[in-house]
Amino acid sequence: MAKPGLELPKENTHADGQRLNKAIAASGLCARRKADELIFAGRVAVDGMTETNPGRRVGPGEIISVDGKPLSRKQELAYRLLNKPVGIVCTLSDPQGRPTVMDILPESARGLGLFPVGRLDFFSEGLLLLTNDGELANRLTHPRHHVDKTYEVLVRGPVPEQALETMRAGMRLSDGTPLLPVAASRVEGGDERGTLLRLVLRQGVNRQIRRMCDDLGLTILRLKRVAQGILRLGELKPGETRVLKAEEVRALRKSAALDKKP
């Protein structure tokens, strides 16, 4: 039977896992400096053995106890930005056996309980936010707190100005779905195949860009999300991830009305 207590995220290993003092602080018991004091005083044990080194690395399944009492686990919030490649689905698992965003995450990001915030369809690519912060995810996907999303879309051949004006005016899809105005413009970067557009969406209608272009007789060759609110894809390569900066997390939470202070 598994021991009760603090089990650290699976991405850690005994060699490069989490520092003991940080793990104690992450449990919510005390600050890291106080954790050092507890460790030096011989009041901390790992798997029943007294440990006096605050820098000792603890791995998955190792039980930390203070004064003989196992610590309860407190999950640390994590935020990752992924450049999703084409051919990957934005789900935790896929009944058809297709690769998911979870399959391409680095080992360091696994075991954190991450899940995608919103989706990009199978043939789309680009910026995708993953987190285990359920409160933030719920806010960012709620219409009231929706943040602008920017896409670069390569369309076959020339694009009539009338098509762009229709998007800018706020069109109605062929199935009757009304859309808010879309900031639509041509940008440099197209090739012999067609025209590169930049589209900024202000709402979360499912497959909105593909449905708009289909109704306007435009054929999409590539669809890539390059920004979401204050987040930018930048030079991140397909399949790569990065940890969000502290200021990015603060700005996201503020935009979702979770943090009142900047």
# chains A, B, ... in the order shown; residues from 1 in each chain; ligands from 1

$ residues_around --residues "Asp36 (chain A)" --least-positions-apart "4" --cutoff "9 Å" --atoms "only C-alpha atoms" --output "list of chain:residue names"
A:Leu20, A:Asn21, A:Ala31, A:Arg32, A:Phe40, A:Ala41, A:Thr52, A:Asn53, A:Pro54

$ residues_around --residues "Arg156 (chain A)" --least-positions-apart "5" --cutoff "7 Å" --atoms "only C-alpha atoms" --output "ChimeraX atom specification"
/A:193-195,219-221

$ atom_distance --atom1 "CA of Arg202 (chain A)" --atom2 "CA of Arg242 (chain A)"
25.1 Å

$ closest_atom_pairs --of "region 144-169 of chain A" --to "region 180-186 of chain A" --cutoff "6 Å" --atoms "only C-alpha atoms" --output "Markdown table"
| residue | atom | partner | partner_atom | distance |
| --- | --- | --- | --- | --- |
| A:Leu164 | CA | A:Ala184 | CA | 5.9 |
| A:Met167 | CA | A:Val182 | CA | 5.4 |
| A:Arg168 | CA | A:Pro181 | CA | 4.8 |
| A:Ala169 | CA | A:Pro181 | CA | 5.2 |

$ residues_around --residues "region 136-146 of chain A" --least-positions-apart "4" --cutoff "7 Å" --atoms "only C-alpha atoms" --output "list in words"
Val117, Gly118, Gln203, Arg253 and Ala256 of chain A
